[in-house]
Amino acid sequence: SQIGQMAHAMPSVFSFFLPGYSPPGKVAKASLVSPESMLLPSSVGLLNGMISLVKFGLTNCYGGFGEKNNCAPSMSEWKRGNPMTDGYLSFVSDDENDAKVVVSNLATLLTSGRMSTSRREIIQQAYEKESDKNIALQLAQQLTILSPEYHVTGNVQGSTKERSNLPAALKSCKEHKSVIHIMLKGGCDSFNLLVPHSQCQGKDLYDEYSRARGSIGIPKEDLFTIDAQGSNQICKTFGIHPNLPILKELYEAKEALFLAGIGVLSEPVTALNYEEKTKTQLFAHNTIQSEITRLDPFMTSAHTATLGRVADALSKENNIVNAFAHD
């Protein structure tokens, strides 16, 4: 779980990453895919585990990959047969007194010799500053693991150009407001989250819901009711799942809003013609997850997403808008 691809531990039937995944930015704009980019959030776990392996051996110290909980102070304990670790890195350089040889050996083993000259020199200088060769070797191994060449299979193009500073945010007297969008990625049974309750036009939608859902339907008396009058929904009263009273509180405080019935259908369809008339691929988690973030089946705003377009619209009205995402 720490590196995102534990053996026999796929997070779902779709394996560790989706074949059609495109990370935001240049890859998506070029209509390319990069499935392995879905593992980027696990990169910190990989680094923690590798650094722990270098410093403490195969233990669970500070995010290590082992099971034993022993943060040994030095490699000498492992070499004496410390039983509190399942192993340690036993690499020995051709000449521990020559920093250039040590770094060259590590670059060959860990980066296939692709490490740049400038990075080798940095690691060599760090190695030479340590009088204890064991500590110096650990430091060189850690710096090599942190190098970009260790994490890719191709050549790395470096740059000495400094990044420009971002302009300072303008101050505003307007009240701060936040829009929080939670993407459950298929883990939400929407028909049990927001249920048609009563005062429905022309039909009893709760009765239809109850018959369709059968034993997994929620009894009417268990639902938290909310007033939907003034909306364009067919029912004036809806019910919220009994385990989510917070949503009723937020809704009634005008701090939450339901966007019911949204989707990516480009026009009304039937079971006989949906394949011909639907522009998006239905019945697949990965494609629907992607489409629901864009809500743009006609590609009128290609390579944009819903919240991004909202932010653009707010910015055009002279609002100061900031956004961030967390996976």
# chains A, B, ... in the order shown; residues from 1 in each chain; ligands from 1

$ select_by_dssp --residues "segment 35-274 of chain A" --states "helix (DSSP H, G or I)" --output "count of residues only"
99

$ select_by_dssp --residues "segment 79-308 of chain A" --states "strand (DSSP E or B)" --output "PDB file with N, CA, C and O atoms, in the first residue's frame"
ATOM      1  N   LEU A 194     -30.147  10.444  -1.969  1.00  0.00           N
ATOM      2  CA  LEU A 194     -31.223  11.424  -2.123  1.00  0.00           C
ATOM      3  C   LEU A 194     -32.421  10.699  -2.730  1.00  0.00           C
ATOM      4  O   LEU A 194     -32.369  10.278  -3.890  1.00  0.00           O
ATOM      5  N   VAL A 195     -33.476  10.573  -1.951  1.00  0.00           N
ATOM      6  CA  VAL A 195     -34.618   9.727  -2.329  1.00  0.00           C
ATOM      7  C   VAL A 195     -35.861  10.595  -2.529  1.00  0.00           C
ATOM      8  O   VAL A 195     -36.158  11.462  -1.698  1.00  0.00           O
ATOM      9  N   PRO A 196     -36.632  10.397  -3.627  1.00  0.00           N
ATOM     10  CA  PRO A 196     -37.918  11.097  -3.763  1.00  0.00           C
ATOM     11  C   PRO A 196     -38.839  10.694  -2.620  1.00  0.00           C
ATOM     12  O   PRO A 196     -39.013   9.506  -2.361  1.00  0.00           O
ATOM     13  N   HIS A 197     -39.413  11.676  -1.948  1.00  0.00           N
ATOM     14  CA  HIS A 197     -40.158  11.371  -0.726  1.00  0.00           C
ATOM     15  C   HIS A 197     -41.675  11.540  -0.910  1.00  0.00           C
ATOM     16  O   HIS A 197     -42.443  10.577  -0.840  1.00  0.00           O
ATOM     17  N   SER A 198     -42.131  12.766  -1.167  1.00  0.00           N
ATOM     18  CA  SER A 198     -43.576  13.003  -1.251  1.00  0.00           C
ATOM     19  C   SER A 198     -43.863  14.276  -2.032  1.00  0.00           C
ATOM     20  O   SER A 198     -42.955  15.001  -2.422  1.00  0.00           O
ATOM     21  N   GLN A 199     -45.161  14.517  -2.275  1.00  0.00           N
ATOM     22  CA  GLN A 199     -45.630  15.683  -3.027  1.00  0.00           C
ATOM     23  C   GLN A 199     -45.004  15.709  -4.433  1.00  0.00           C
ATOM     24  O   GLN A 199     -44.518  16.744  -4.892  1.00  0.00           O
ATOM     25  N   CYS A 200     -45.038  14.556  -5.080  1.00  0.00           N
ATOM     26  CA  CYS A 200     -44.491  14.434  -6.433  1.00  0.00           C
ATOM     27  C   CYS A 200     -45.620  14.617  -7.455  1.00  0.00           C
ATOM     28  O   CYS A 200     -46.750  14.158  -7.243  1.00  0.00           O
ATOM     29  N   PHE A 224     -34.367  11.548   6.328  1.00  0.00           N
ATOM     30  CA  PHE A 224     -34.388  12.943   6.757  1.00  0.00           C
ATOM     31  C   PHE A 224     -34.986  13.778   5.619  1.00  0.00           C
ATOM     32  O   PHE A 224     -34.411  13.826   4.527  1.00  0.00           O
ATOM     33  N   THR A 225     -36.112  14.399   5.848  1.00  0.00           N
ATOM     34  CA  THR A 225     -36.782  15.125   4.768  1.00  0.00           C
ATOM     35  C   THR A 225     -36.216  16.535   4.609  1.00  0.00           C
ATOM     36  O   THR A 225     -35.815  17.182   5.574  1.00  0.00           O
ATOM     37  N   ILE A 226     -36.180  16.979   3.351  1.00  0.00           N
ATOM     38  CA  ILE A 226     -35.777  18.350   3.041  1.00  0.00           C
ATOM     39  C   ILE A 226     -36.789  18.953   2.067  1.00  0.00           C
ATOM     40  O   ILE A 226     -37.405  18.234   1.277  1.00  0.00           O
ATOM     41  N   ASP A 227     -36.939  20.258   2.133  1.00  0.00           N
ATOM     42  CA  ASP A 227     -37.901  20.973   1.309  1.00  0.00           C
ATOM     43  C   ASP A 227     -37.262  21.349  -0.025  1.00  0.00           C
ATOM     44  O   ASP A 227     -36.260  22.064  -0.062  1.00  0.00           O
ATOM     45  N   CYS A 235     -40.558  16.423  -7.381  1.00  0.00           N
ATOM     46  CA  CYS A 235     -41.066  16.271  -6.011  1.00  0.00           C
ATOM     47  C   CYS A 235     -40.738  17.511  -5.182  1.00  0.00           C
ATOM     48  O   CYS A 235     -39.661  18.085  -5.322  1.00  0.00           O
ATOM     49  N   LYS A 236     -41.637  17.881  -4.302  1.00  0.00           N
ATOM     50  CA  LYS A 236     -41.406  19.025  -3.424  1.00  0.00           C
ATOM     51  C   LYS A 236     -40.661  18.624  -2.154  1.00  0.00           C
ATOM     52  O   LYS A 236     -40.108  19.468  -1.459  1.00  0.00           O
ATOM     53  N   THR A 237     -40.670  17.330  -1.833  1.00  0.00           N
ATOM     54  CA  THR A 237     -39.974  16.829  -0.638  1.00  0.00           C
ATOM     55  C   THR A 237     -39.100  15.647  -1.015  1.00  0.00           C
ATOM     56  O   THR A 237     -39.560  14.709  -1.681  1.00  0.00           O
ATOM     57  N   PHE A 238     -37.848  15.704  -0.596  1.00  0.00           N
ATOM     58  CA  PHE A 238     -36.923  14.598  -0.795  1.00  0.00           C
ATOM     59  C   PHE A 238     -36.441  14.099   0.555  1.00  0.00           C
ATOM     60  O   PHE A 238     -36.580  14.784   1.581  1.00  0.00           O
ATOM     61  N   GLY A 239     -35.878  12.899   0.552  1.00  0.00           N
ATOM     62  CA  GLY A 239     -35.348  12.321   1.782  1.00  0.00           C
ATOM     63  C   GLY A 239     -33.869  12.042   1.660  1.00  0.00           C
ATOM     64  O   GLY A 239     -33.383  11.611   0.612  1.00  0.00           O
ATOM     65  N   ILE A 240     -33.118  12.300   2.742  1.00  0.00           N
ATOM     66  CA  ILE A 240     -31.676  12.054   2.788  1.00  0.00           C
ATOM     67  C   ILE A 240     -31.415  10.807   3.619  1.00  0.00           C
ATOM     68  O   ILE A 240     -32.115  10.523   4.600  1.00  0.00           O
TER      69      ILE A 240
END

$ residues_around --residues "Ile51 of chain A" --least-positions-apart "3" --cutoff "9 Å" --atoms "only C-alpha atoms" --output "list in words"
Leu46, Leu47, Asn48, Val54, Lys55, Phe56, Tyr62, Gly63, Gly64, Gln141, Gln142, Ile145 and Leu146 of chain A

$ residues_around --residues "His151 of chain A" --least-positions-apart "5" --cutoff "12 Å" --atoms "only C-alpha atoms" --output "list of chain:residue names"
A:Leu40, A:Ser43, A:Val44, A:Leu46, A:Leu47, A:Met50, A:Leu110, A:Thr111, A:Ser112, A:Arg114, A:Met115, A:Thr144, A:Ile145, A:Leu146, A:Val156

$ residues_around --residues "segment 27-38 of chain A" --least-positions-apart "6" --cutoff "10 Å" --atoms "only C-alpha atoms" --output "PyMOL selection string"
chain A and resi 4+16-21+302-304+327

$ write_last_selection --atoms "C-alpha atoms" --output "mmCIF file, in the first residue's frame"
data_model
loop_
_atom_site.group_PDB
_atom_site.id
_atom_site.type_symbol
_atom_site.label_atom_id
_atom_site.label_comp_id
_atom_site.auth_asym_id
_atom_site.auth_seq_id
_atom_site.Cartn_x
_atom_site.Cartn_y
_atom_site.Cartn_z
ATOM 1 C CA GLY A 4 0.700 1.817 -4.553
ATOM 2 C CA PHE A 16 -3.752 -0.324 -9.973
ATOM 3 C CA PHE A 17 -4.353 2.216 -12.715
ATOM 4 C CA LEU A 18 -6.771 2.794 -15.557
ATOM 5 C CA PRO A 19 -5.621 2.376 -19.174
ATOM 6 C CA GLY A 20 -7.330 5.580 -20.276
ATOM 7 C CA TYR A 21 -6.057 7.876 -17.512
ATOM 8 C CA ALA A 302 -12.323 21.040 -24.748
ATOM 9 C CA HIS A 303 -9.687 20.155 -22.124
ATOM 10 C CA THR A 304 -11.512 21.984 -19.350
ATOM 11 C CA ASP A 327 -6.395 12.958 -4.041
#

$ residues_around --residues "Leu58 of chain A" --least-positions-apart "2" --cutoff "8 Å" --atoms "only C-alpha atoms" --output "VMD selection string"
chain A and resid 52 to 53 56 60 64 to 68 85 to 88

$ write_last_selection --atoms "C-alpha atoms" --output "compact mmCIF listing (two decimals), in the first residue's frame"
# COMPACT_ATOMS: atom_id res chain seq x y z
CA SER A 52 14.17 3.94 5.74
CA LEU A 53 15.72 0.87 4.08
CA PHE A 56 17.50 1.37 9.33
CA ASN A 60 8.85 -0.46 9.62
CA GLY A 64 9.76 1.33 6.07
CA PHE A 65 8.67 -1.73 4.10
CA GLY A 66 9.49 -4.28 6.83
CA GLU A 67 7.50 -5.57 9.79
CA LYS A 68 9.94 -5.29 12.71
CA THR A 85 15.75 -6.22 11.35
CA ASP A 86 14.92 -8.54 8.47
CA GLY A 87 17.88 -7.37 6.39
CA TYR A 88 20.02 -4.46 5.29

$ atom_distance --atom1 "atom CA of Lys220 of chain A" --atom2 "atom CA of His181 of chain A"
28.1 Å

$ residues_around --residues "Pro268 of chain A" --least-positions-apart "5" --cutoff "12 Å" --atoms "only C-alpha atoms" --output "list of chain:residue names"
A:Gly263, A:Asn273, A:Tyr274, A:Glu275, A:Glu276, A:Lys277, A:Thr278, A:Lys279

$ decode --residues "segment 42-56 of chain A" --atoms "all heavy atoms" --output "short mmCIF file (atom, residue, chain, number, x, y, z; two decimals), in the first residue's frame"
data_model
loop_
_atom_site.label_atom_id
_atom_site.label_comp_id
_atom_site.auth_asym_id
_atom_site.auth_seq_id
_atom_site.Cartn_x
_atom_site.Cartn_y
_atom_site.Cartn_z
N SER A 42 1.55 8.01 -4.55
CA SER A 42 2.28 7.03 -3.75
C SER A 42 3.79 7.25 -3.80
O SER A 42 4.53 6.52 -3.15
CB SER A 42 1.98 5.61 -4.26
OG SER A 42 0.60 5.34 -4.23
N SER A 43 4.25 8.25 -4.56
CA SER A 43 5.68 8.47 -4.71
C SER A 43 6.34 8.83 -3.38
O SER A 43 7.49 8.46 -3.12
CB SER A 43 5.96 9.55 -5.76
OG SER A 43 5.33 10.77 -5.40
N VAL A 44 5.63 9.58 -2.52
CA VAL A 44 6.19 9.93 -1.21
C VAL A 44 6.38 8.69 -0.36
O VAL A 44 7.38 8.52 0.33
CB VAL A 44 5.29 10.95 -0.49
CG1 VAL A 44 5.80 11.22 0.92
CG2 VAL A 44 5.22 12.25 -1.28
N GLY A 45 5.41 7.76 -0.41
CA GLY A 45 5.53 6.51 0.33
C GLY A 45 6.70 5.69 -0.14
O GLY A 45 7.40 5.05 0.66
N LEU A 46 6.95 5.69 -1.46
CA LEU A 46 8.09 4.97 -2.00
C LEU A 46 9.40 5.57 -1.48
O LEU A 46 10.30 4.85 -1.04
CB LEU A 46 8.07 5.02 -3.53
CG LEU A 46 9.32 4.50 -4.25
CD1 LEU A 46 9.52 3.02 -3.95
CD2 LEU A 46 9.22 4.74 -5.75
N LEU A 47 9.52 6.90 -1.51
CA LEU A 47 10.74 7.55 -1.03
C LEU A 47 10.96 7.29 0.46
O LEU A 47 12.08 7.00 0.89
CB LEU A 47 10.66 9.05 -1.30
CG LEU A 47 10.80 9.48 -2.76
CD1 LEU A 47 10.57 10.97 -2.90
CD2 LEU A 47 12.18 9.11 -3.29
N ASN A 48 9.89 7.40 1.26
CA ASN A 48 10.03 7.13 2.69
C ASN A 48 10.52 5.72 2.95
O ASN A 48 11.39 5.49 3.79
CB ASN A 48 8.68 7.35 3.40
CG ASN A 48 8.30 8.80 3.50
OD1 ASN A 48 9.16 9.68 3.39
ND2 ASN A 48 7.03 9.08 3.70
N GLY A 49 9.95 4.76 2.21
CA GLY A 49 10.34 3.37 2.41
C GLY A 49 11.79 3.11 2.00
O GLY A 49 12.52 2.39 2.69
N MET A 50 12.23 3.70 0.90
CA MET A 50 13.60 3.50 0.44
C MET A 50 14.61 4.17 1.36
O MET A 50 15.68 3.60 1.66
CB MET A 50 13.75 4.03 -0.99
CG MET A 50 12.96 3.25 -2.03
SD MET A 50 13.34 1.49 -2.07
CE MET A 50 15.08 1.54 -2.56
N ILE A 51 14.30 5.38 1.83
CA ILE A 51 15.20 6.07 2.76
C ILE A 51 15.30 5.28 4.07
O ILE A 51 16.38 5.13 4.65
CB ILE A 51 14.71 7.50 3.03
CG1 ILE A 51 14.77 8.34 1.76
CG2 ILE A 51 15.53 8.16 4.13
CD1 ILE A 51 16.14 8.51 1.17
N SER A 52 14.17 4.76 4.52
CA SER A 52 14.17 3.94 5.74
C SER A 52 15.02 2.68 5.55
O SER A 52 15.75 2.27 6.44
CB SER A 52 12.73 3.56 6.11
OG SER A 52 12.71 2.66 7.21
N LEU A 53 14.93 2.07 4.38
CA LEU A 53 15.72 0.87 4.08
C LEU A 53 17.22 1.17 4.16
O LEU A 53 18.00 0.38 4.69
CB LEU A 53 15.35 0.34 2.69
CG LEU A 53 16.09 -0.91 2.20
CD1 LEU A 53 15.81 -2.09 3.12
CD2 LEU A 53 15.69 -1.24 0.77
N VAL A 54 17.62 2.31 3.64
CA VAL A 54 19.03 2.70 3.68
C VAL A 54 19.48 2.95 5.12
O VAL A 54 20.54 2.49 5.55
CB VAL A 54 19.26 3.96 2.82
CG1 VAL A 54 20.68 4.50 3.04
CG2 VAL A 54 19.04 3.65 1.36
N LYS A 55 18.68 3.67 5.89
CA LYS A 55 19.11 4.11 7.22
C LYS A 55 18.93 3.06 8.30
O LYS A 55 19.76 2.94 9.21
CB LYS A 55 18.32 5.37 7.61
CG LYS A 55 18.59 6.57 6.72
CD LYS A 55 17.76 7.76 7.12
CE LYS A 55 18.17 8.33 8.45
NZ LYS A 55 17.43 9.59 8.74
N PHE A 56 17.83 2.27 8.22
CA PHE A 56 17.50 1.37 9.33
C PHE A 56 17.41 -0.09 8.94
O PHE A 56 17.12 -0.93 9.79
CB PHE A 56 16.16 1.80 9.95
CG PHE A 56 16.09 3.25 10.31
CD1 PHE A 56 15.25 4.11 9.62
CD2 PHE A 56 16.88 3.76 11.33
CE1 PHE A 56 15.20 5.45 9.94
CE2 PHE A 56 16.83 5.10 11.66
CZ PHE A 56 15.98 5.95 10.97
#
